[in-house]
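See below for work_1.tsv, which holds TSV, N, CA and C atoms.
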```
chain	number	residue	atom	x	y	z
A	1	MET	N	23.70	-0.28	16.65
A	1	MET	CA	23.72	0.34	17.96
A	1	MET	C	23.46	-0.72	19.02
A	2	ARG	N	24.11	-0.57	20.13
A	2	ARG	CA	23.98	-1.50	21.25
A	2	ARG	C	22.64	-1.34	21.97
A	3	ASP	N	22.27	-2.36	22.72
A	3	ASP	CA	21.08	-2.26	23.57
A	3	ASP	C	21.52	-1.62	24.88
A	4	LEU	N	21.20	-0.36	25.04
A	4	LEU	CA	21.61	0.39	26.23
A	4	LEU	C	20.51	0.46	27.27
A	5	GLY	N	19.41	-0.23	27.02
A	5	GLY	CA	18.31	-0.23	27.98
A	5	GLY	C	17.35	0.91	27.73
A	6	GLN	N	16.62	1.23	28.76
A	6	GLN	CA	15.59	2.27	28.69
A	6	GLN	C	16.21	3.66	28.88
A	7	PRO	N	15.58	4.69	28.30
A	7	PRO	CA	16.03	6.06	28.58
A	7	PRO	C	16.00	6.31	30.09
A	8	ALA	N	16.99	7.05	30.56
A	8	ALA	CA	17.12	7.30	31.99
A	8	ALA	C	17.52	8.76	32.23
A	9	SER	N	17.63	9.10	33.47
A	9	SER	CA	17.98	10.44	33.90
A	9	SER	C	19.40	10.47	34.46
A	10	TYR	N	20.01	11.63	34.44
A	10	TYR	CA	21.31	11.79	35.09
A	10	TYR	C	21.22	11.48	36.58
A	11	LEU	N	20.03	11.56	37.15
A	11	LEU	CA	19.85	11.30	38.58
A	11	LEU	C	20.14	9.85	38.96
A	12	VAL	N	20.05	8.94	38.00
A	12	VAL	CA	20.30	7.52	38.29
A	12	VAL	C	21.53	7.00	37.54
A	13	LEU	N	22.31	7.90	36.97
A	13	LEU	CA	23.49	7.51	36.21
A	13	LEU	C	24.61	7.10	37.16
A	14	ASP	N	25.05	5.86	37.07
A	14	ASP	CA	26.05	5.31	37.98
A	14	ASP	C	27.45	5.34	37.37
A	15	PRO	N	28.47	5.44	38.23
A	15	PRO	CA	29.84	5.31	37.74
A	15	PRO	C	30.03	3.94	37.08
A	16	GLY	N	30.84	3.93	36.02
A	16	GLY	CA	31.11	2.68	35.32
A	16	GLY	C	30.25	2.46	34.10
A	17	VAL	N	29.19	3.25	33.92
A	17	VAL	CA	28.33	3.11	32.75
A	17	VAL	C	29.13	3.52	31.51
A	18	GLU	N	29.00	2.75	30.46
A	18	GLU	CA	29.76	3.01	29.23
A	18	GLU	C	29.28	4.30	28.55
A	19	VAL	N	30.25	5.02	27.96
A	19	VAL	CA	29.96	6.26	27.24
A	19	VAL	C	30.39	6.08	25.79
A	20	TYR	N	29.46	6.38	24.87
A	20	TYR	CA	29.69	6.21	23.44
A	20	TYR	C	29.66	7.55	22.72
A	21	SER	N	30.42	7.63	21.67
A	21	SER	CA	30.41	8.82	20.82
A	21	SER	C	29.21	8.77	19.89
A	22	SER	N	28.99	9.86	19.17
A	22	SER	CA	27.87	9.92	18.23
A	22	SER	C	28.05	8.95	17.06
A	23	ASP	N	29.31	8.54	16.83
A	23	ASP	CA	29.57	7.57	15.77
A	23	ASP	C	29.72	6.14	16.33
A	24	ASP	N	29.10	5.90	17.50
A	24	ASP	CA	28.97	4.58	18.12
A	24	ASP	C	30.29	3.94	18.52
A	25	GLN	N	31.25	4.75	18.95
A	25	GLN	CA	32.52	4.23	19.45
A	25	GLN	C	32.55	4.36	20.97
A	26	LEU	N	33.01	3.32	21.66
A	26	LEU	CA	33.16	3.39	23.11
A	26	LEU	C	34.30	4.36	23.41
A	27	VAL	N	34.02	5.43	24.17
A	27	VAL	CA	35.05	6.42	24.49
A	27	VAL	C	35.47	6.36	25.95
A	28	GLY	N	34.73	5.64	26.77
A	28	GLY	CA	35.09	5.52	28.18
A	28	GLY	C	33.91	5.11	29.03
A	29	ARG	N	34.08	5.36	30.32
A	29	ARG	CA	33.03	5.03	31.30
A	29	ARG	C	32.80	6.23	32.20
A	30	VAL	N	31.58	6.36	32.68
A	30	VAL	CA	31.25	7.47	33.59
A	30	VAL	C	32.09	7.33	34.85
A	31	GLU	N	32.83	8.38	35.17
A	31	GLU	CA	33.57	8.46	36.43
A	31	GLU	C	32.66	9.05	37.50
A	32	HIS	N	32.06	10.20	37.20
A	32	HIS	CA	31.02	10.76	38.06
A	32	HIS	C	30.23	11.83	37.32
A	33	VAL	N	29.07	12.12	37.89
A	33	VAL	CA	28.13	13.09	37.33
A	33	VAL	C	28.28	14.39	38.10
A	34	LEU	N	28.34	15.49	37.37
A	34	LEU	CA	28.37	16.81	38.00
A	34	LEU	C	26.96	17.39	37.90
A	35	ALA	N	26.32	17.52	39.06
A	35	ALA	CA	24.93	17.98	39.09
A	35	ALA	C	24.57	18.50	40.46
A	36	VAL	N	23.49	19.24	40.50
A	36	VAL	CA	22.86	19.66	41.74
A	36	VAL	C	21.42	19.16	41.67
A	37	PRO	N	21.20	17.91	42.10
A	37	PRO	CA	19.87	17.31	41.94
A	37	PRO	C	18.75	18.10	42.62
A	38	GLU	N	19.05	18.73	43.76
A	38	GLU	CA	18.01	19.48	44.48
A	38	GLU	C	17.45	20.61	43.64
A	39	ASP	N	18.27	21.17	42.76
A	39	ASP	CA	17.85	22.27	41.91
A	39	ASP	C	17.66	21.83	40.46
A	40	ASP	N	17.76	20.52	40.21
A	40	ASP	CA	17.62	19.94	38.87
A	40	ASP	C	18.58	20.59	37.87
A	41	ILE	N	19.84	20.67	38.28
A	41	ILE	CA	20.88	21.22	37.41
A	41	ILE	C	21.85	20.10	37.06
A	42	PHE	N	21.95	19.80	35.78
A	42	PHE	CA	22.88	18.79	35.27
A	42	PHE	C	23.98	19.53	34.53
A	43	ASP	N	25.21	19.46	35.05
A	43	ASP	CA	26.32	20.20	34.45
A	43	ASP	C	27.09	19.36	33.43
A	44	GLY	N	27.14	18.05	33.62
A	44	GLY	CA	27.85	17.19	32.69
A	44	GLY	C	28.38	15.96	33.39
A	45	ILE	N	29.28	15.24	32.68
A	45	ILE	CA	29.87	14.03	33.25
A	45	ILE	C	31.38	14.05	33.08
A	46	VAL	N	32.05	13.41	34.02
A	46	VAL	CA	33.48	13.15	33.89
A	46	VAL	C	33.60	11.73	33.38
A	47	ILE	N	34.35	11.58	32.29
A	47	ILE	CA	34.51	10.28	31.64
A	47	ILE	C	35.91	9.77	31.89
A	48	ASP	N	36.02	8.52	32.33
A	48	ASP	CA	37.31	7.85	32.47
A	48	ASP	C	37.59	7.19	31.13
A	49	THR	N	38.58	7.71	30.40
A	49	THR	CA	38.85	7.23	29.04
A	49	THR	C	39.98	6.22	28.98
A	50	SER	N	40.56	5.87	30.12
A	50	SER	CA	41.73	5.00	30.11
A	50	SER	C	41.70	4.05	31.29
A	51	VAL	N	42.34	2.89	31.13
A	51	VAL	CA	42.48	1.97	32.25
A	51	VAL	C	43.60	2.45	33.17
A	52	LEU	N	44.40	3.38	32.70
A	52	LEU	CA	45.47	3.96	33.50
A	52	LEU	C	45.01	5.27	34.12
A	53	PRO	N	45.66	5.72	35.20
A	53	PRO	CA	45.29	7.01	35.80
A	53	PRO	C	45.52	8.16	34.81
A	54	GLY	N	44.70	9.21	34.97
A	54	GLY	CA	44.91	10.42	34.19
A	54	GLY	C	44.14	10.51	32.90
A	55	GLY	N	43.23	9.61	32.65
A	55	GLY	CA	42.50	9.64	31.40
A	55	GLY	C	41.11	10.24	31.52
A	56	HIS	N	40.94	11.23	32.36
A	56	HIS	CA	39.62	11.81	32.56
A	56	HIS	C	39.36	12.96	31.60
A	57	ARG	N	38.12	13.00	31.11
A	57	ARG	CA	37.66	14.08	30.23
A	57	ARG	C	36.30	14.55	30.73
A	58	PHE	N	36.02	15.84	30.50
A	58	PHE	CA	34.75	16.42	30.93
A	58	PHE	C	33.86	16.64	29.72
A	59	ALA	N	32.65	16.08	29.77
A	59	ALA	CA	31.64	16.32	28.74
A	59	ALA	C	30.55	17.19	29.36
A	60	ASP	N	30.44	18.40	28.88
A	60	ASP	CA	29.43	19.34	29.34
A	60	ASP	C	28.04	18.77	29.03
A	61	SER	N	27.06	19.20	29.79
A	61	SER	CA	25.70	18.70	29.56
A	61	SER	C	25.24	18.93	28.12
A	62	GLU	N	25.72	19.99	27.49
A	62	GLU	CA	25.36	20.27	26.09
A	62	GLU	C	25.95	19.24	25.13
A	63	GLU	N	26.96	18.50	25.57
A	63	GLU	CA	27.59	17.48	24.73
A	63	GLU	C	27.03	16.09	24.97
A	64	VAL	N	26.13	15.96	25.94
A	64	VAL	CA	25.48	14.69	26.23
A	64	VAL	C	24.17	14.63	25.46
A	65	ASP	N	24.07	13.65	24.58
A	65	ASP	CA	22.88	13.53	23.74
A	65	ASP	C	21.77	12.77	24.46
A	66	ARG	N	22.07	11.53	24.90
A	66	ARG	CA	21.07	10.69	25.54
A	66	ARG	C	21.68	9.87	26.67
A	67	ILE	N	20.88	9.62	27.68
A	67	ILE	CA	21.29	8.80	28.82
A	67	ILE	C	20.33	7.63	28.91
A	68	TYR	N	20.90	6.44	29.03
A	68	TYR	CA	20.12	5.20	29.15
A	68	TYR	C	20.56	4.46	30.42
A	69	ASP	N	19.83	3.38	30.72
A	69	ASP	CA	20.17	2.55	31.88
A	69	ASP	C	21.61	2.06	31.84
A	70	ARG	N	22.06	1.65	30.66
A	70	ARG	CA	23.37	1.02	30.54
A	70	ARG	C	24.32	1.75	29.60
A	71	GLY	N	24.08	3.03	29.38
A	71	GLY	CA	24.98	3.75	28.49
A	71	GLY	C	24.62	5.21	28.31
A	72	VAL	N	25.61	5.97	27.88
A	72	VAL	CA	25.44	7.38	27.58
A	72	VAL	C	25.93	7.59	26.15
A	73	ILE	N	25.20	8.38	25.39
A	73	ILE	CA	25.62	8.72	24.03
A	73	ILE	C	25.90	10.21	23.98
A	74	LEU	N	27.09	10.55	23.50
A	74	LEU	CA	27.48	11.94	23.37
A	74	LEU	C	27.05	12.50	22.02
A	75	LYS	N	27.05	13.81	21.88
A	75	LYS	CA	26.75	14.46	20.61
A	75	LYS	C	28.00	14.63	19.76
A	76	VAL	N	29.15	14.25	20.28
A	76	VAL	CA	30.42	14.43	19.57
A	76	VAL	C	30.95	13.09	19.07
A	77	SER	N	31.76	13.15	18.02
A	77	SER	CA	32.37	11.95	17.46
A	77	SER	C	33.49	11.45	18.38
A	78	ALA	N	33.99	10.27	18.09
A	78	ALA	CA	35.10	9.71	18.88
A	78	ALA	C	36.32	10.61	18.79
A	79	ALA	N	36.60	11.14	17.60
A	79	ALA	CA	37.75	12.03	17.43
A	79	ALA	C	37.57	13.30	18.25
A	80	GLU	N	36.37	13.85	18.25
A	80	GLU	CA	36.10	15.05	19.04
A	80	GLU	C	36.13	14.76	20.54
A	81	ALA	N	35.71	13.57	20.93
A	81	ALA	CA	35.73	13.20	22.35
A	81	ALA	C	37.15	13.15	22.90
A	82	GLU	N	38.11	12.81	22.05
A	82	GLU	CA	39.51	12.81	22.49
A	82	GLU	C	39.97	14.20	22.88
A	83	SER	N	39.35	15.21	22.31
A	83	SER	CA	39.73	16.59	22.57
A	83	SER	C	38.91	17.25	23.68
A	84	LEU	N	38.02	16.50	24.31
A	84	LEU	CA	37.27	17.08	25.42
A	84	LEU	C	38.26	17.50	26.50
A	85	PRO	N	37.96	18.56	27.23
A	85	PRO	CA	38.90	19.05	28.24
A	85	PRO	C	39.01	18.12	29.44
A	86	GLU	N	40.14	18.19	30.11
A	86	GLU	CA	40.28	17.49	31.38
A	86	GLU	C	39.48	18.26	32.42
A	87	PRO	N	38.87	17.55	33.37
A	87	PRO	CA	38.14	18.27	34.42
A	87	PRO	C	39.13	19.02	35.30
A	88	SER	N	38.67	20.11	35.88
A	88	SER	CA	39.54	20.88	36.77
A	88	SER	C	38.83	21.12	38.09
A	89	GLN	N	39.60	21.49	39.08
A	89	GLN	CA	39.04	21.78	40.40
A	89	GLN	C	38.12	22.98	40.35
A	90	ASN	N	38.48	23.98	39.55
A	90	ASN	CA	37.70	25.19	39.44
A	90	ASN	C	37.48	25.47	37.96
A	91	PRO	N	36.41	24.89	37.36
A	91	PRO	CA	36.24	24.98	35.92
A	91	PRO	C	35.95	26.37	35.38
A	92	GLY	N	35.58	27.29	36.21
A	92	GLY	CA	35.29	28.62	35.71
A	92	GLY	C	35.00	29.57	36.85
A	93	VAL	N	34.74	30.78	36.50
A	93	VAL	CA	34.44	31.80	37.50
A	93	VAL	C	33.06	32.35	37.20
A	94	LEU	N	32.23	32.39	38.21
A	94	LEU	CA	30.91	32.96	38.07
A	94	LEU	C	30.97	34.38	38.57
A	95	GLU	N	30.70	35.33	37.69
A	95	GLU	CA	30.71	36.73	38.08
A	95	GLU	C	29.28	37.21	38.21
A	96	VAL	N	29.02	37.91	39.31
A	96	VAL	CA	27.69	38.43	39.57
A	96	VAL	C	27.81	39.92	39.80
A	97	ASP	N	26.96	40.68	39.13
A	97	ASP	CA	26.91	42.11	39.35
A	97	ASP	C	26.19	42.34	40.68
A	98	PRO	N	26.83	43.03	41.64
A	98	PRO	CA	26.18	43.26	42.94
A	98	PRO	C	24.81	43.91	42.82
A	99	ALA	N	24.58	44.69	41.78
A	99	ALA	CA	23.28	45.33	41.59
A	99	ALA	C	22.20	44.30	41.30
A	100	ASP	N	22.56	43.16	40.72
A	100	ASP	CA	21.60	42.12	40.39
A	100	ASP	C	21.53	41.04	41.45
A	101	ASP	N	22.24	41.20	42.52
A	101	ASP	CA	22.42	40.14	43.52
A	101	ASP	C	21.17	39.83	44.33
A	102	SER	N	20.16	40.66	44.28
A	102	SER	CA	19.01	40.46	45.15
A	102	SER	C	17.97	39.49	44.58
A	103	SER	N	18.10	39.07	43.34
A	103	SER	CA	17.07	38.22	42.75
A	103	SER	C	17.15	36.80	43.27
A	104	ASP	N	16.01	36.15	43.28
A	104	ASP	CA	15.91	34.75	43.70
A	104	ASP	C	16.74	33.87	42.78
A	105	LEU	N	16.71	34.17	41.47
A	105	LEU	CA	17.48	33.40	40.51
A	105	LEU	C	18.98	33.50	40.80
A	106	SER	N	19.45	34.67	41.12
A	106	SER	CA	20.88	34.85	41.44
A	106	SER	C	21.28	34.00	42.64
A	107	ARG	N	20.45	33.98	43.66
A	107	ARG	CA	20.75	33.17	44.85
A	107	ARG	C	20.79	31.68	44.49
A	108	LYS	N	19.84	31.23	43.67
A	108	LYS	CA	19.81	29.82	43.28
A	108	LYS	C	21.02	29.47	42.43
A	109	LEU	N	21.36	30.33	41.49
A	109	LEU	CA	22.53	30.06	40.65
A	109	LEU	C	23.81	30.04	41.47
A	110	ARG	N	23.94	30.97	42.41
A	110	ARG	CA	25.13	30.98	43.26
A	110	ARG	C	25.20	29.70	44.11
A	111	ALA	N	24.08	29.27	44.65
A	111	ALA	CA	24.05	28.04	45.45
A	111	ALA	C	24.41	26.83	44.60
A	112	ALA	N	23.88	26.79	43.36
A	112	ALA	CA	24.21	25.68	42.46
A	112	ALA	C	25.69	25.68	42.13
A	113	TRP	N	26.22	26.85	41.81
A	113	TRP	CA	27.65	26.94	41.47
A	113	TRP	C	28.51	26.52	42.66
A	114	ASP	N	28.15	26.95	43.86
A	114	ASP	CA	28.92	26.59	45.06
A	114	ASP	C	28.93	25.07	45.24
A	115	ARG	N	27.80	24.42	45.00
A	115	ARG	CA	27.75	22.95	45.14
A	115	ARG	C	28.60	22.27	44.07
A	116	ILE	N	28.47	22.72	42.83
A	116	ILE	CA	29.22	22.11	41.73
A	116	ILE	C	30.71	22.29	41.93
A	117	SER	N	31.12	23.47	42.36
A	117	SER	CA	32.55	23.77	42.49
A	117	SER	C	33.12	23.33	43.84
A	118	GLY	N	32.27	22.83	44.74
A	118	GLY	CA	32.76	22.37	46.04
A	118	GLY	C	32.97	23.47	47.05
A	119	ASN	N	32.39	24.65	46.84
A	119	ASN	CA	32.58	25.79	47.73
A	119	ASN	C	31.41	25.98	48.69
A	120	TYR	N	30.75	24.92	49.07
A	120	TYR	CA	29.59	25.08	49.96
A	120	TYR	C	29.91	24.74	51.37
```

Have the structure of the file written as structure tokens, please.
Amino acid sequence: MRDLGQPASYLVLDPGVEVYSSDDQLVGRVEHVLAVPEDDIFDGIVIDTSVLPGGHRFADSEEVDRIYDRGVILKVSAAEAESLPEPSQNPGVLEVDPADDSSDLSRKLRAAWDRISGNY
């Protein structure tokens, strides 16, 4: 295993940091982090897997194993990383039951989703 430095947080993860699979294969570099730091929500990372345009893949936070100063390790193998989805402008739809809309948690989740999806 490479020397990736000290354990770190997604809050300090910079573009260009190398991303490795669980089987220690370089799969790309961090393109950007999807997060809402104010609410401590880490959604995942977009990985640039190619030197050519169009090689972006999305690794959900559940697929990120460890973050270090100089690298990220995924929970998936190199073969599985090739099958990660391409990021999209609108990755999903958040449905809220109007009856549950009054809770503080609902407001926070809606605000986080709006920031992540660019609808703020």

For A:Ala81: contacts at 8 Å, all atoms listed in the file, fewer than 5 positions along chain excluded, given as a PyMOL selection string: chain A and resi 21-22+27+57+75-76

Interatomic distance, atom CA of A:Ala8 to atom CA of A:Arg70 (Å, one decimal): 9.0 Å

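With all atoms listed in the file as the atoms that count, the residue of A:Leu34, A:Asp39, A:Tyr10, A:Glu18 with the shortest distance to A:Lys108 is A:Asp39.
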
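The shell of residues at most 7 Å from A:Gly71, with all atoms listed in the file counted and near chain neighbours (fewer than 5 positions) removed, consists of Asp3, Leu4, Gly5, Val17, Glu18, Val19, Tyr20 and Arg66 of chain A.
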
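Atom CA of A:Leu13 sits 12.7 Å away from atom C of A:Ile41.
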
A:Val33 environment, 6 Å, only N, CA and C atoms, sequence neighbours closer than 4 positions dropped, as a PyMOL selection string: chain A and resi 44-46

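Using all atoms listed in the file, the nearest neighbour of A:Leu84 within the list A:Val51, A:Ala59, A:Ile67, A:Val72 is A:Ala59.
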
Generate the missing atoms of stretch 27-38 of chain A up to all heavy atoms and report them as a PDB file, keeping the file's coordinate frame.
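The result, stored in part-v1.pdb:
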```
ATOM      1  N   VAL A  27      34.020   5.430  24.170  1.00  0.00           N
ATOM      2  CA  VAL A  27      35.050   6.420  24.490  1.00  0.00           C
ATOM      3  C   VAL A  27      35.470   6.360  25.950  1.00  0.00           C
ATOM      4  O   VAL A  27      36.462   6.974  26.332  1.00  0.00           O
ATOM      5  CB  VAL A  27      34.623   7.860  24.112  1.00  0.00           C
ATOM      6  CG1 VAL A  27      34.468   7.991  22.614  1.00  0.00           C
ATOM      7  CG2 VAL A  27      33.367   8.285  24.834  1.00  0.00           C
ATOM      8  N   GLY A  28      34.730   5.640  26.770  1.00  0.00           N
ATOM      9  CA  GLY A  28      35.090   5.520  28.180  1.00  0.00           C
ATOM     10  C   GLY A  28      33.910   5.110  29.030  1.00  0.00           C
ATOM     11  O   GLY A  28      32.899   4.599  28.525  1.00  0.00           O
ATOM     12  N   ARG A  29      34.080   5.360  30.320  1.00  0.00           N
ATOM     13  CA  ARG A  29      33.030   5.030  31.300  1.00  0.00           C
ATOM     14  C   ARG A  29      32.800   6.230  32.200  1.00  0.00           C
ATOM     15  O   ARG A  29      33.715   7.019  32.439  1.00  0.00           O
ATOM     16  CB  ARG A  29      33.444   3.833  32.148  1.00  0.00           C
ATOM     17  CG  ARG A  29      33.585   2.563  31.317  1.00  0.00           C
ATOM     18  CD  ARG A  29      33.971   1.374  32.198  1.00  0.00           C
ATOM     19  NE  ARG A  29      34.126   0.183  31.409  1.00  0.00           N
ATOM     20  CZ  ARG A  29      33.123  -0.623  31.053  1.00  0.00           C
ATOM     21  NH1 ARG A  29      31.909  -0.344  31.436  1.00  0.00           N
ATOM     22  NH2 ARG A  29      33.348  -1.693  30.319  1.00  0.00           N
ATOM     23  N   VAL A  30      31.580   6.360  32.680  1.00  0.00           N
ATOM     24  CA  VAL A  30      31.250   7.470  33.590  1.00  0.00           C
ATOM     25  C   VAL A  30      32.090   7.330  34.850  1.00  0.00           C
ATOM     26  O   VAL A  30      32.089   6.289  35.500  1.00  0.00           O
ATOM     27  CB  VAL A  30      29.747   7.471  33.940  1.00  0.00           C
ATOM     28  CG1 VAL A  30      29.453   8.506  35.022  1.00  0.00           C
ATOM     29  CG2 VAL A  30      28.896   7.706  32.708  1.00  0.00           C
ATOM     30  N   GLU A  31      32.830   8.380  35.170  1.00  0.00           N
ATOM     31  CA  GLU A  31      33.570   8.460  36.430  1.00  0.00           C
ATOM     32  C   GLU A  31      32.660   9.050  37.500  1.00  0.00           C
ATOM     33  O   GLU A  31      32.526   8.507  38.574  1.00  0.00           O
ATOM     34  CB  GLU A  31      34.824   9.310  36.258  1.00  0.00           C
ATOM     35  CG  GLU A  31      35.618   9.501  37.523  1.00  0.00           C
ATOM     36  CD  GLU A  31      36.288   8.220  38.018  1.00  0.00           C
ATOM     37  OE1 GLU A  31      36.496   7.273  37.240  1.00  0.00           O
ATOM     38  OE2 GLU A  31      36.606   8.183  39.223  1.00  0.00           O
ATOM     39  N   HIS A  32      32.060  10.200  37.200  1.00  0.00           N
ATOM     40  CA  HIS A  32      31.020  10.760  38.060  1.00  0.00           C
ATOM     41  C   HIS A  32      30.230  11.830  37.320  1.00  0.00           C
ATOM     42  O   HIS A  32      30.631  12.318  36.286  1.00  0.00           O
ATOM     43  CB  HIS A  32      31.568  11.270  39.395  1.00  0.00           C
ATOM     44  CG  HIS A  32      32.537  12.394  39.307  1.00  0.00           C
ATOM     45  ND1 HIS A  32      33.889  12.217  39.192  1.00  0.00           N
ATOM     46  CD2 HIS A  32      32.353  13.724  39.315  1.00  0.00           C
ATOM     47  CE1 HIS A  32      34.490  13.375  39.138  1.00  0.00           C
ATOM     48  NE2 HIS A  32      33.593  14.311  39.200  1.00  0.00           N
ATOM     49  N   VAL A  33      29.070  12.120  37.890  1.00  0.00           N
ATOM     50  CA  VAL A  33      28.130  13.090  37.330  1.00  0.00           C
ATOM     51  C   VAL A  33      28.280  14.390  38.100  1.00  0.00           C
ATOM     52  O   VAL A  33      28.348  14.387  39.322  1.00  0.00           O
ATOM     53  CB  VAL A  33      26.673  12.566  37.454  1.00  0.00           C
ATOM     54  CG1 VAL A  33      25.680  13.600  36.950  1.00  0.00           C
ATOM     55  CG2 VAL A  33      26.512  11.250  36.722  1.00  0.00           C
ATOM     56  N   LEU A  34      28.340  15.490  37.370  1.00  0.00           N
ATOM     57  CA  LEU A  34      28.370  16.810  38.000  1.00  0.00           C
ATOM     58  C   LEU A  34      26.960  17.390  37.900  1.00  0.00           C
ATOM     59  O   LEU A  34      26.470  17.675  36.813  1.00  0.00           O
ATOM     60  CB  LEU A  34      29.361  17.728  37.296  1.00  0.00           C
ATOM     61  CG  LEU A  34      30.815  17.267  37.372  1.00  0.00           C
ATOM     62  CD1 LEU A  34      31.691  18.171  36.528  1.00  0.00           C
ATOM     63  CD2 LEU A  34      31.298  17.253  38.794  1.00  0.00           C
ATOM     64  N   ALA A  35      26.320  17.520  39.060  1.00  0.00           N
ATOM     65  CA  ALA A  35      24.930  17.980  39.090  1.00  0.00           C
ATOM     66  C   ALA A  35      24.570  18.500  40.460  1.00  0.00           C
ATOM     67  O   ALA A  35      25.261  18.221  41.448  1.00  0.00           O
ATOM     68  CB  ALA A  35      24.002  16.822  38.719  1.00  0.00           C
ATOM     69  N   VAL A  36      23.490  19.240  40.500  1.00  0.00           N
ATOM     70  CA  VAL A  36      22.860  19.660  41.740  1.00  0.00           C
ATOM     71  C   VAL A  36      21.420  19.160  41.670  1.00  0.00           C
ATOM     72  O   VAL A  36      20.526  19.869  41.185  1.00  0.00           O
ATOM     73  CB  VAL A  36      22.904  21.199  41.917  1.00  0.00           C
ATOM     74  CG1 VAL A  36      22.290  21.598  43.250  1.00  0.00           C
ATOM     75  CG2 VAL A  36      24.324  21.722  41.802  1.00  0.00           C
ATOM     76  N   PRO A  37      21.200  17.910  42.100  1.00  0.00           N
ATOM     77  CA  PRO A  37      19.870  17.310  41.940  1.00  0.00           C
ATOM     78  C   PRO A  37      18.750  18.100  42.620  1.00  0.00           C
ATOM     79  O   PRO A  37      17.638  18.152  42.106  1.00  0.00           O
ATOM     80  CB  PRO A  37      20.025  15.929  42.583  1.00  0.00           C
ATOM     81  CG  PRO A  37      21.485  15.656  42.577  1.00  0.00           C
ATOM     82  CD  PRO A  37      22.161  16.989  42.672  1.00  0.00           C
ATOM     83  N   GLU A  38      19.050  18.730  43.760  1.00  0.00           N
ATOM     84  CA  GLU A  38      18.010  19.480  44.480  1.00  0.00           C
ATOM     85  C   GLU A  38      17.450  20.610  43.640  1.00  0.00           C
ATOM     86  O   GLU A  38      16.296  21.005  43.785  1.00  0.00           O
ATOM     87  CB  GLU A  38      18.555  20.060  45.794  1.00  0.00           C
ATOM     88  CG  GLU A  38      19.102  19.045  46.764  1.00  0.00           C
ATOM     89  CD  GLU A  38      20.541  18.643  46.446  1.00  0.00           C
ATOM     90  OE1 GLU A  38      21.329  19.452  45.912  1.00  0.00           O
ATOM     91  OE2 GLU A  38      20.877  17.485  46.732  1.00  0.00           O
TER      92      GLU A  38
END
```
